[in-house]
Amino acid sequence: MAEISIATDFSRFPGGRYRKLGKHSGEEFREDVLSPALKKNEEVFVILDGTVGYGSSFLEEAFGGLVRIGFSLDELKGKLKPVAQSPEYQTYVQEIWQYIEDASQRKSIA
């Protein structure tokens with residue numbers, strides 16, 4: 001089991017979609033933090049609280065991007081545990097799963 005707090009282990013200020021657009025991108029989080037943790041651990045708890053918020057591009061790239069790099073929906077349902085302790089972050093948990101499911105559907109159509 002691993003626990004990642006985006007605010008303390010990555011950045012309190014998550015950025016945009018791609019590295020080329022600036023610091024703390026969804027791509028950077030996925031490639032440098034999240035994907036390696038998922039490959040090494042049975043479960044990965046991702047604590048969403050403590051940031052200034054999340055843009056949809058960050059969340060889609062970080063989490064939906066996992067499907068595009070080879071993680072299956074079933075694998076992610078078993079391993080990935082997004083956690084929001086504060087009510088204001090709860091909506092992000094739902095968004096994350098929606099991005100993962102959307103990416104999975106697009107991949108199965110392609």
# chains A, B, ... in the order shown; residues from 1 in each chain; ligands from 1
call {"tool": "residues_around", "arguments": {"residues": "Ile6 (chain A)", "least_positions_apart": "5", "cutoff": "9 Å", "atoms": "only C-alpha atoms", "output": "PyMOL selection string"}}
result
chain A and resi 11-12+14+29+46-51
call {"tool": "select_by_dssp", "arguments": {"residues": "chain A", "states": "strand (DSSP E or B)", "output": "ChimeraX atom specification"}}
result
/A:2-5,44-47,80-83
call {"tool": "residues_around", "arguments": {"residues": "region 68-78 of chain A", "least_positions_apart": "5", "cutoff": "10 Å", "atoms": "only C-alpha atoms", "output": "MDAnalysis selection string"}}
result
chainID A and resid 30:31 35 38:39 42:44 61 63 97 100:107
call {"tool": "closest_residue", "arguments": {"among": "A:Phe13, A:Asn41, A:Ala7, A:Ser25", "to": "Lys81 (chain A)", "atoms": "only C-alpha atoms"}}
result
A:Asn41
call {"tool": "select_by_dssp", "arguments": {"residues": "chain A", "states": "helix (DSSP H, G or I)", "output": "PyMOL selection string"}}
result
chain A and resi 6-10+19-21+26-40+56-68+73-79+87-109
call {"tool": "closest_residue", "arguments": {"among": "A:Leu66, A:Met1, A:Leu59, A:Val33", "to": "Arg17 (chain A)", "atoms": "only C-alpha atoms"}}
result
A:Leu59
call {"tool": "atom_distance", "arguments": {"atom1": "CA of Glu95 (chain A)", "atom2": "CA of Ile4 (chain A)"}}
result
18.1 Å
call {"tool": "atom_distance", "arguments": {"atom1": "CA of Val83 (chain A)", "atom2": "CA of Ile96 (chain A)"}}
result
10.6 Å
